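Reproduced below: run-v1.pdb, with PDB, C-alpha atoms and all ligand atoms.
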MODEL        1
ATOM      1  CA  MET A  91       0.000   0.000   0.000  1.00  0.00           C
ATOM      2  CA  ALA A  92       1.306   3.476  -0.886  1.00  0.00           C
ATOM      3  CA  GLU A  93       2.062   5.601   2.152  1.00  0.00           C
ATOM      4  CA  PHE A  94      -0.855   7.774   3.297  1.00  0.00           C
ATOM      5  CA  SER A  95       0.122  11.299   4.259  1.00  0.00           C
ATOM      6  CA  PHE A  96      -1.340  14.291   6.086  1.00  0.00           C
ATOM      7  CA  SER A  97      -1.316  15.992   2.698  1.00  0.00           C
ATOM      8  CA  ASP A  98      -3.571  13.258   1.255  1.00  0.00           C
ATOM      9  CA  LEU A  99      -6.032  13.818   4.111  1.00  0.00           C
ATOM     10  CA  GLU A 100      -5.890  17.600   3.587  1.00  0.00           C
ATOM     11  CA  THR A 101      -6.857  17.027  -0.077  1.00  0.00           C
ATOM     12  CA  ILE A 102      -9.746  14.714   0.906  1.00  0.00           C
ATOM     13  CA  ILE A 103     -11.010  17.312   3.405  1.00  0.00           C
ATOM     14  CA  ARG A 104     -10.771  20.090   0.801  1.00  0.00           C
ATOM     15  CA  ASP A 105     -12.765  17.969  -1.672  1.00  0.00           C
ATOM     16  CA  ARG A 106     -15.416  16.971   0.858  1.00  0.00           C
ATOM     17  CA  ALA A 107     -15.773  20.389   2.540  1.00  0.00           C
ATOM     18  CA  HIS A 108     -18.190  21.854   0.033  1.00  0.00           C
ATOM     19  CA  SER A 109     -19.421  18.587  -1.498  1.00  0.00           C
ATOM     20  CA  GLY A 110     -22.952  19.122  -0.215  1.00  0.00           C
ATOM     21  CA  ASP A 111     -23.051  15.396   0.585  1.00  0.00           C
ATOM     22  CA  PRO A 112     -25.487  14.950   3.496  1.00  0.00           C
ATOM     23  CA  ASP A 113     -23.490  11.897   4.627  1.00  0.00           C
ATOM     24  CA  SER A 114     -20.215  13.857   4.830  1.00  0.00           C
ATOM     25  CA  TRP A 115     -19.020  14.701   8.360  1.00  0.00           C
ATOM     26  CA  THR A 116     -16.498  17.077   6.768  1.00  0.00           C
ATOM     27  CA  ALA A 117     -19.233  18.971   4.913  1.00  0.00           C
ATOM     28  CA  LYS A 118     -21.272  19.100   8.126  1.00  0.00           C
ATOM     29  CA  LEU A 119     -18.339  20.555  10.098  1.00  0.00           C
ATOM     30  CA  PHE A 120     -17.583  23.149   7.416  1.00  0.00           C
ATOM     31  CA  ALA A 121     -21.264  24.155   7.363  1.00  0.00           C
ATOM     32  CA  ARG A 122     -21.329  24.542  11.161  1.00  0.00           C
ATOM     33  CA  GLY A 123     -18.180  26.630  11.177  1.00  0.00           C
ATOM     34  CA  ILE A 124     -15.047  27.190  13.218  1.00  0.00           C
ATOM     35  CA  ASP A 125     -16.666  27.144  16.680  1.00  0.00           C
ATOM     36  CA  LYS A 126     -18.013  23.585  16.288  1.00  0.00           C
ATOM     37  CA  ALA A 127     -14.883  22.318  14.528  1.00  0.00           C
ATOM     38  CA  ALA A 128     -12.619  23.827  17.191  1.00  0.00           C
ATOM     39  CA  GLN A 129     -14.807  22.311  19.922  1.00  0.00           C
ATOM     40  CA  LYS A 130     -14.478  18.868  18.297  1.00  0.00           C
ATOM     41  CA  LEU A 131     -10.697  19.371  18.032  1.00  0.00           C
ATOM     42  CA  GLY A 132     -10.574  20.110  21.762  1.00  0.00           C
ATOM     43  CA  GLU A 133     -12.670  17.029  22.587  1.00  0.00           C
ATOM     44  CA  GLU A 134     -10.434  14.801  20.483  1.00  0.00           C
ATOM     45  CA  ALA A 135      -7.342  16.290  22.169  1.00  0.00           C
ATOM     46  CA  VAL A 136      -8.755  15.441  25.594  1.00  0.00           C
ATOM     47  CA  GLU A 137      -9.684  11.898  24.456  1.00  0.00           C
ATOM     48  CA  THR A 138      -6.133  11.476  23.128  1.00  0.00           C
ATOM     49  CA  VAL A 139      -4.656  12.594  26.456  1.00  0.00           C
ATOM     50  CA  ILE A 140      -6.928  10.179  28.358  1.00  0.00           C
ATOM     51  CA  ALA A 141      -5.907   7.252  26.134  1.00  0.00           C
ATOM     52  CA  ALA A 142      -2.227   8.149  26.652  1.00  0.00           C
ATOM     53  CA  VAL A 143      -2.338   8.381  30.437  1.00  0.00           C
ATOM     54  CA  GLN A 144      -4.393   5.186  30.643  1.00  0.00           C
ATOM     55  CA  GLY A 145      -1.817   3.332  28.563  1.00  0.00           C
ATOM     56  CA  ASP A 146      -4.538   2.484  26.022  1.00  0.00           C
ATOM     57  CA  ARG A 147      -2.316   1.910  22.985  1.00  0.00           C
ATOM     58  CA  GLN A 148      -5.083   1.174  20.456  1.00  0.00           C
ATOM     59  CA  GLY A 149      -7.165   4.033  21.859  1.00  0.00           C
ATOM     60  CA  LEU A 150      -4.184   6.341  21.439  1.00  0.00           C
ATOM     61  CA  VAL A 151      -3.863   5.350  17.776  1.00  0.00           C
ATOM     62  CA  SER A 152      -7.577   5.836  17.137  1.00  0.00           C
ATOM     63  CA  GLU A 153      -7.930   9.115  19.064  1.00  0.00           C
ATOM     64  CA  SER A 154      -4.766  10.463  17.422  1.00  0.00           C
ATOM     65  CA  ALA A 155      -6.333   9.827  14.012  1.00  0.00           C
ATOM     66  CA  ASP A 156      -9.519  11.653  15.107  1.00  0.00           C
ATOM     67  CA  LEU A 157      -7.364  14.485  16.462  1.00  0.00           C
ATOM     68  CA  ILE A 158      -5.332  14.919  13.285  1.00  0.00           C
ATOM     69  CA  TYR A 159      -8.431  14.794  11.083  1.00  0.00           C
ATOM     70  CA  HIS A 160     -10.186  17.496  13.153  1.00  0.00           C
ATOM     71  CA  TRP A 161      -6.965  19.562  13.315  1.00  0.00           C
ATOM     72  CA  LEU A 162      -6.801  19.540   9.498  1.00  0.00           C
ATOM     73  CA  VAL A 163     -10.476  20.565   9.351  1.00  0.00           C
ATOM     74  CA  VAL A 164      -9.741  23.512  11.675  1.00  0.00           C
ATOM     75  CA  LEU A 165      -6.743  24.508   9.528  1.00  0.00           C
ATOM     76  CA  GLY A 166      -8.922  24.307   6.414  1.00  0.00           C
ATOM     77  CA  LEU A 167     -11.712  26.368   7.944  1.00  0.00           C
ATOM     78  CA  SER A 168      -9.112  28.933   9.037  1.00  0.00           C
ATOM     79  CA  GLY A 169      -7.560  29.165   5.566  1.00  0.00           C
ATOM     80  CA  VAL A 170      -4.199  27.874   6.819  1.00  0.00           C
ATOM     81  CA  PRO A 171      -2.573  25.348   4.448  1.00  0.00           C
ATOM     82  CA  LEU A 172      -0.809  22.347   5.983  1.00  0.00           C
ATOM     83  CA  SER A 173       2.329  23.494   4.127  1.00  0.00           C
ATOM     84  CA  ASP A 174       2.495  26.598   6.371  1.00  0.00           C
ATOM     85  CA  VAL A 175       2.647  24.370   9.463  1.00  0.00           C
ATOM     86  CA  LEU A 176       5.240  22.093   7.852  1.00  0.00           C
ATOM     87  CA  LYS A 177       7.360  25.146   6.936  1.00  0.00           C
ATOM     88  CA  GLU A 178       7.163  26.343  10.548  1.00  0.00           C
ATOM     89  CA  LEU A 179       8.214  22.902  11.800  1.00  0.00           C
ATOM     90  CA  GLU A 180      11.039  22.780   9.257  1.00  0.00           C
ATOM     91  CA  SER A 181      12.302  26.186  10.414  1.00  0.00           C
ATOM     92  CA  ARG A 182      12.613  24.761  13.919  1.00  0.00           C
ATOM     93  CA  THR A 183      14.748  21.784  12.983  1.00  0.00           C
ATOM     94  CA  GLY A 184      18.282  21.915  14.272  1.00  0.00           C
ATOM     95  CA  ARG A 185      17.274  24.088  17.209  1.00  0.00           C
ATOM     96  CA  SER A 186      16.485  22.657  20.623  1.00  0.00           C
ATOM     97  CA  GLY A 187      13.116  23.465  22.160  1.00  0.00           C
ATOM     98  CA  ILE A 188      14.786  24.826  25.295  1.00  0.00           C
ATOM     99  CA  ALA A 189      16.967  27.236  23.268  1.00  0.00           C
ATOM    100  CA  GLU A 190      13.889  28.360  21.309  1.00  0.00           C
ATOM    101  CA  LYS A 191      11.953  29.064  24.502  1.00  0.00           C
ATOM    102  CA  ALA A 192      14.872  31.009  25.996  1.00  0.00           C
ATOM    103  CA  SER A 193      15.032  33.242  22.886  1.00  0.00           C
ATOM    104  CA  ARG A 194      11.389  34.328  23.127  1.00  0.00           C
ATOM    105  CA  PRO A 195      10.775  37.983  24.004  1.00  0.00           C
ATOM    106  CA  GLN A 196      10.054  38.323  27.727  1.00  0.00           C
ATOM    107  CA  GLY A 197       6.369  39.028  28.324  1.00  0.00           C
TER     108      GLY A 197
HETATM  109  N1  LIG B   1     -10.570  10.775   9.173  1.00  0.00           N
HETATM  110  C1  LIG B   1     -11.761  11.059   9.229  1.00  0.00           C
HETATM  111  C2  LIG B   1     -12.465  11.095  10.496  1.00  0.00           C
HETATM  112  N2  LIG B   1     -12.054  10.852  11.765  1.00  0.00           N
HETATM  113  C3  LIG B   1     -13.148  11.021  12.546  1.00  0.00           C
HETATM  114  N3  LIG B   1     -14.223  11.347  11.797  1.00  0.00           N
HETATM  115  C4  LIG B   1     -15.610  11.568  12.214  1.00  0.00           C
HETATM  116  O1  LIG B   1     -15.663  12.491  13.269  1.00  0.00           O
HETATM  117  C5  LIG B   1     -16.945  12.389  13.868  1.00  0.00           C
HETATM  118  C6  LIG B   1     -16.829  12.751  15.324  1.00  0.00           C
HETATM  119  O2  LIG B   1     -16.729  11.619  16.090  1.00  0.00           O
HETATM  120  P1  LIG B   1     -17.358  11.554  17.525  1.00  0.00           P
HETATM  121  O3  LIG B   1     -17.499  10.119  17.896  1.00  0.00           O
HETATM  122  O4  LIG B   1     -16.588  12.444  18.428  1.00  0.00           O
HETATM  123  O5  LIG B   1     -18.769  12.186  17.216  1.00  0.00           O
HETATM  124  P2  LIG B   1     -19.942  12.437  18.173  1.00  0.00           P
HETATM  125  O6  LIG B   1     -19.489  12.292  19.573  1.00  0.00           O
HETATM  126  O7  LIG B   1     -21.077  11.606  17.673  1.00  0.00           O
HETATM  127  O8  LIG B   1     -20.180  13.986  17.835  1.00  0.00           O
HETATM  128  P3  LIG B   1     -21.141  14.989  18.567  1.00  0.00           P
HETATM  129  O9  LIG B   1     -22.519  14.643  18.107  1.00  0.00           O
HETATM  130  O10 LIG B   1     -20.931  14.837  20.055  1.00  0.00           O
HETATM  131  O11 LIG B   1     -20.702  16.347  18.081  1.00  0.00           O
HETATM  132  C7  LIG B   1     -17.473  10.984  13.563  1.00  0.00           C
HETATM  133  O12 LIG B   1     -18.559  11.097  12.680  1.00  0.00           O
HETATM  134  C8  LIG B   1     -16.279  10.343  12.848  1.00  0.00           C
HETATM  135  O13 LIG B   1     -16.666   9.432  11.839  1.00  0.00           O
HETATM  136  C9  LIG B   1     -13.818  11.416  10.510  1.00  0.00           C
HETATM  137  N4  LIG B   1     -14.509  11.726   9.391  1.00  0.00           N
HETATM  138  C10 LIG B   1     -13.839  11.708   8.207  1.00  0.00           C
HETATM  139  N5  LIG B   1     -12.504  11.373   8.098  1.00  0.00           N
HETATM  140  C11 LIG B   1     -11.822  11.362   6.761  1.00  0.00           C
HETATM  141  O14 LIG B   1     -12.509  12.211   5.879  1.00  0.00           O
HETATM  142  C12 LIG B   1     -12.983  11.459   4.755  1.00  0.00           C
HETATM  143  C13 LIG B   1     -14.279  12.060   4.250  1.00  0.00           C
HETATM  144  O15 LIG B   1     -15.276  11.872   5.233  1.00  0.00           O
HETATM  145  P4  LIG B   1     -16.729  12.465   5.013  1.00  0.00           P
HETATM  146  O16 LIG B   1     -16.591  13.923   4.861  1.00  0.00           O
HETATM  147  O17 LIG B   1     -17.526  12.084   6.242  1.00  0.00           O
HETATM  148  O18 LIG B   1     -17.259  11.810   3.780  1.00  0.00           O
HETATM  149  C14 LIG B   1     -13.090  10.035   5.245  1.00  0.00           C
HETATM  150  O19 LIG B   1     -13.050   9.115   4.184  1.00  0.00           O
HETATM  151  C15 LIG B   1     -11.864   9.953   6.118  1.00  0.00           C
HETATM  152  O20 LIG B   1     -10.703   9.826   5.297  1.00  0.00           O
ENDMDL
END

Reformat the file's structure so that it appears as structure tokens.
Amino acid sequence: MAEFSFSDLETIIRDRAHSGDPDSWTAKLFARGIDKAAQKLGEEAVETVIAAVQGDRQGLVSESADLIYHWLVVLGLSGVPLSDVLKELESRTGRSGIAEKASRPQG
């Protein structure tokens, strides 16, 4: 099987978003807007955390998939392409997280 990527899922979400298909969860989320999609993203994040702390390996896989799907929906609804996030991640490579935090302007 060819490797499935976040980019493939972003394309599926973009195609389904305005499909008008009454059976499409993606179309439903896009119709309901950012508040509902962001709420679902938060719920999936919490469910992922619960699976992790409970040591529920299969649950962690499943909830992580739900989380990533809803995260991509929120990006799509916000007009932020996945490539912007990947560029940001790429710009951080080679720099430790602790050094990055220390370089932030003091608030
Ligand atoms: N990866 C996903 C995906 N992950 C989770 N979900 C849906 O997310 C929804 C939310 O799940 P929950 O159990 O939290 O829902 P719920 O608790 O009943 O929701 P509430 O009523 O409480 O709001 C479910 O309907 C899941 O099926 C997904 N729906 C779609 N995809 C991908 O998007 C594609 C297109 O899907 P449709 O747009 O539905 O055709 C699919 O083929 C998949 O590739």

Please measure the separation of atom O16 of ligand LIG 1 (chain B) and CA of Lys118 in chain A, giving the value in Å to one decimal.
-> 7.7 Å

Residues within 8 Å of ligand LIG 1 (chain B) should be enumerated using only C-alpha atoms and all ligand atoms and returned as a PyMOL selection string.
-> chain A and resi 99+102-103+106-107+111+113-118+126+130+133-134+155-160

Would you compute an axis-aligned box for range 154-159 of chain A, covering every atom listed for it in the file with 4 Å of margin on each side, and report centre and edge lengths in Å to one decimal as lines of an AutoDock Vina configuration file?
center_x = -7.1
center_y = 12.4
center_z = 14.3
size_x = 12.8
size_y = 13.1
size_z = 14.3

Interatomic distance, CA of Arg122 in chain A to CA of Ser95 in chain A (Å, one decimal) =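 Taking CA of Arg122 in chain A and CA of Ser95 in chain A, their separation equals 26.1 Å.
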
I need the residue set behind the PyMOL selection byres (((chain A and resi 162) around 10) and not hetatm) for this file; please write it as a VMD selection string.
-> chain A and resid 96 to 97 99 to 101 103 to 104 127 131 157 to 161 163 to 168 170 to 172

Excluding same-chain residues fewer than 6 positions from Val151 in chain A, what lies within 10 Å of it counting all atoms listed in the file, as a ChimeraX atom specification?
-> /A:138,141-142,157

Taking only C-alpha atoms into account, which of A:Ala135, A:Ala189, A:Val175, A:Ile124 comes nearest Ser154 in chain A?
->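 Going through A:Ala135, A:Ala189, A:Val175, A:Ile124 one by one, the smallest distance to Ser154 in chain A is for A:Ala135.
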
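Interatomic distance, CA of Gln129 in chain A to CA of Gly145 in chain A: 24.6 Å.
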
Would you pull range 174-196 of chain A out of the block just shown and save N, CA, C and O atoms as a PDB file, in the first residue's frame?
ATOM      1  N   ASP A 174       2.014  25.534   5.477  1.00  0.00           N
ATOM      2  CA  ASP A 174       2.495  26.598   6.371  1.00  0.00           C
ATOM      3  C   ASP A 174       2.986  26.004   7.694  1.00  0.00           C
ATOM      4  O   ASP A 174       3.993  26.444   8.255  1.00  0.00           O
ATOM      5  N   VAL A 175       2.252  25.007   8.199  1.00  0.00           N
ATOM      6  CA  VAL A 175       2.647  24.370   9.463  1.00  0.00           C
ATOM      7  C   VAL A 175       3.945  23.576   9.256  1.00  0.00           C
ATOM      8  O   VAL A 175       4.851  23.617  10.101  1.00  0.00           O
ATOM      9  N   LEU A 176       4.028  22.885   8.117  1.00  0.00           N
ATOM     10  CA  LEU A 176       5.240  22.093   7.852  1.00  0.00           C
ATOM     11  C   LEU A 176       6.457  23.003   7.712  1.00  0.00           C
ATOM     12  O   LEU A 176       7.547  22.683   8.192  1.00  0.00           O
ATOM     13  N   LYS A 177       6.253  24.175   7.067  1.00  0.00           N
ATOM     14  CA  LYS A 177       7.360  25.146   6.936  1.00  0.00           C
ATOM     15  C   LYS A 177       7.808  25.617   8.317  1.00  0.00           C
ATOM     16  O   LYS A 177       8.995  25.760   8.592  1.00  0.00           O
ATOM     17  N   GLU A 178       6.835  25.892   9.186  1.00  0.00           N
ATOM     18  CA  GLU A 178       7.163  26.343  10.548  1.00  0.00           C
ATOM     19  C   GLU A 178       7.958  25.256  11.289  1.00  0.00           C
ATOM     20  O   GLU A 178       8.965  25.544  11.948  1.00  0.00           O
ATOM     21  N   LEU A 179       7.500  24.004  11.142  1.00  0.00           N
ATOM     22  CA  LEU A 179       8.214  22.902  11.800  1.00  0.00           C
ATOM     23  C   LEU A 179       9.628  22.780  11.236  1.00  0.00           C
ATOM     24  O   LEU A 179      10.596  22.575  11.982  1.00  0.00           O
ATOM     25  N   GLU A 180       9.726  22.907   9.899  1.00  0.00           N
ATOM     26  CA  GLU A 180      11.039  22.780   9.257  1.00  0.00           C
ATOM     27  C   GLU A 180      11.991  23.861   9.758  1.00  0.00           C
ATOM     28  O   GLU A 180      13.169  23.605  10.002  1.00  0.00           O
ATOM     29  N   SER A 181      11.447  25.080   9.962  1.00  0.00           N
ATOM     30  CA  SER A 181      12.302  26.186  10.414  1.00  0.00           C
ATOM     31  C   SER A 181      12.831  25.937  11.821  1.00  0.00           C
ATOM     32  O   SER A 181      13.797  26.575  12.246  1.00  0.00           O
ATOM     33  N   ARG A 182      12.180  25.050  12.539  1.00  0.00           N
ATOM     34  CA  ARG A 182      12.613  24.761  13.919  1.00  0.00           C
ATOM     35  C   ARG A 182      13.630  23.638  14.009  1.00  0.00           C
ATOM     36  O   ARG A 182      14.181  23.397  15.084  1.00  0.00           O
ATOM     37  N   THR A 183      13.835  22.925  12.898  1.00  0.00           N
ATOM     38  CA  THR A 183      14.748  21.784  12.983  1.00  0.00           C
ATOM     39  C   THR A 183      16.164  22.284  13.220  1.00  0.00           C
ATOM     40  O   THR A 183      16.553  23.353  12.740  1.00  0.00           O
ATOM     41  N   GLY A 184      16.909  21.528  13.976  1.00  0.00           N
ATOM     42  CA  GLY A 184      18.282  21.915  14.272  1.00  0.00           C
ATOM     43  C   GLY A 184      18.377  22.867  15.443  1.00  0.00           C
ATOM     44  O   GLY A 184      19.474  23.316  15.787  1.00  0.00           O
ATOM     45  N   ARG A 185      17.239  23.190  16.061  1.00  0.00           N
ATOM     46  CA  ARG A 185      17.274  24.088  17.209  1.00  0.00           C
ATOM     47  C   ARG A 185      16.534  23.406  18.353  1.00  0.00           C
ATOM     48  O   ARG A 185      15.405  22.931  18.156  1.00  0.00           O
ATOM     49  N   SER A 186      17.157  23.352  19.527  1.00  0.00           N
ATOM     50  CA  SER A 186      16.485  22.657  20.623  1.00  0.00           C
ATOM     51  C   SER A 186      15.309  23.478  21.124  1.00  0.00           C
ATOM     52  O   SER A 186      15.296  24.712  21.024  1.00  0.00           O
ATOM     53  N   GLY A 187      14.300  22.798  21.635  1.00  0.00           N
ATOM     54  CA  GLY A 187      13.116  23.465  22.160  1.00  0.00           C
ATOM     55  C   GLY A 187      13.449  24.384  23.317  1.00  0.00           C
ATOM     56  O   GLY A 187      12.846  25.448  23.482  1.00  0.00           O
ATOM     57  N   ILE A 188      14.432  24.005  24.127  1.00  0.00           N
ATOM     58  CA  ILE A 188      14.786  24.826  25.295  1.00  0.00           C
ATOM     59  C   ILE A 188      15.456  26.129  24.829  1.00  0.00           C
ATOM     60  O   ILE A 188      15.143  27.217  25.317  1.00  0.00           O
ATOM     61  N   ALA A 189      16.320  26.022  23.806  1.00  0.00           N
ATOM     62  CA  ALA A 189      16.967  27.236  23.268  1.00  0.00           C
ATOM     63  C   ALA A 189      15.916  28.143  22.641  1.00  0.00           C
ATOM     64  O   ALA A 189      15.960  29.368  22.802  1.00  0.00           O
ATOM     65  N   GLU A 190      14.945  27.552  21.949  1.00  0.00           N
ATOM     66  CA  GLU A 190      13.889  28.360  21.309  1.00  0.00           C
ATOM     67  C   GLU A 190      13.103  29.117  22.360  1.00  0.00           C
ATOM     68  O   GLU A 190      12.838  30.312  22.234  1.00  0.00           O
ATOM     69  N   LYS A 191      12.760  28.430  23.454  1.00  0.00           N
ATOM     70  CA  LYS A 191      11.953  29.064  24.502  1.00  0.00           C
ATOM     71  C   LYS A 191      12.735  30.207  25.153  1.00  0.00           C
ATOM     72  O   LYS A 191      12.188  31.283  25.424  1.00  0.00           O
ATOM     73  N   ALA A 192      14.036  29.991  25.358  1.00  0.00           N
ATOM     74  CA  ALA A 192      14.872  31.009  25.996  1.00  0.00           C
ATOM     75  C   ALA A 192      15.000  32.261  25.128  1.00  0.00           C
ATOM     76  O   ALA A 192      15.219  33.359  25.633  1.00  0.00           O
ATOM     77  N   SER A 193      14.848  32.095  23.793  1.00  0.00           N
ATOM     78  CA  SER A 193      15.032  33.242  22.886  1.00  0.00           C
ATOM     79  C   SER A 193      13.762  34.062  22.702  1.00  0.00           C
ATOM     80  O   SER A 193      13.770  35.101  22.061  1.00  0.00           O
ATOM     81  N   ARG A 194      12.645  33.592  23.286  1.00  0.00           N
ATOM     82  CA  ARG A 194      11.389  34.328  23.127  1.00  0.00           C
ATOM     83  C   ARG A 194      11.448  35.656  23.867  1.00  0.00           C
ATOM     84  O   ARG A 194      12.055  35.729  24.946  1.00  0.00           O
ATOM     85  N   PRO A 195      10.806  36.710  23.285  1.00  0.00           N
ATOM     86  CA  PRO A 195      10.775  37.983  24.004  1.00  0.00           C
ATOM     87  C   PRO A 195      10.107  37.800  25.366  1.00  0.00           C
ATOM     88  O   PRO A 195       9.129  37.044  25.479  1.00  0.00           O
ATOM     89  N   GLN A 196      10.643  38.448  26.386  1.00  0.00           N
ATOM     90  CA  GLN A 196      10.054  38.323  27.727  1.00  0.00           C
ATOM     91  C   GLN A 196       8.717  39.058  27.756  1.00  0.00           C
ATOM     92  O   GLN A 196       8.609  40.172  27.290  1.00  0.00           O
TER      93      GLN A 196
END
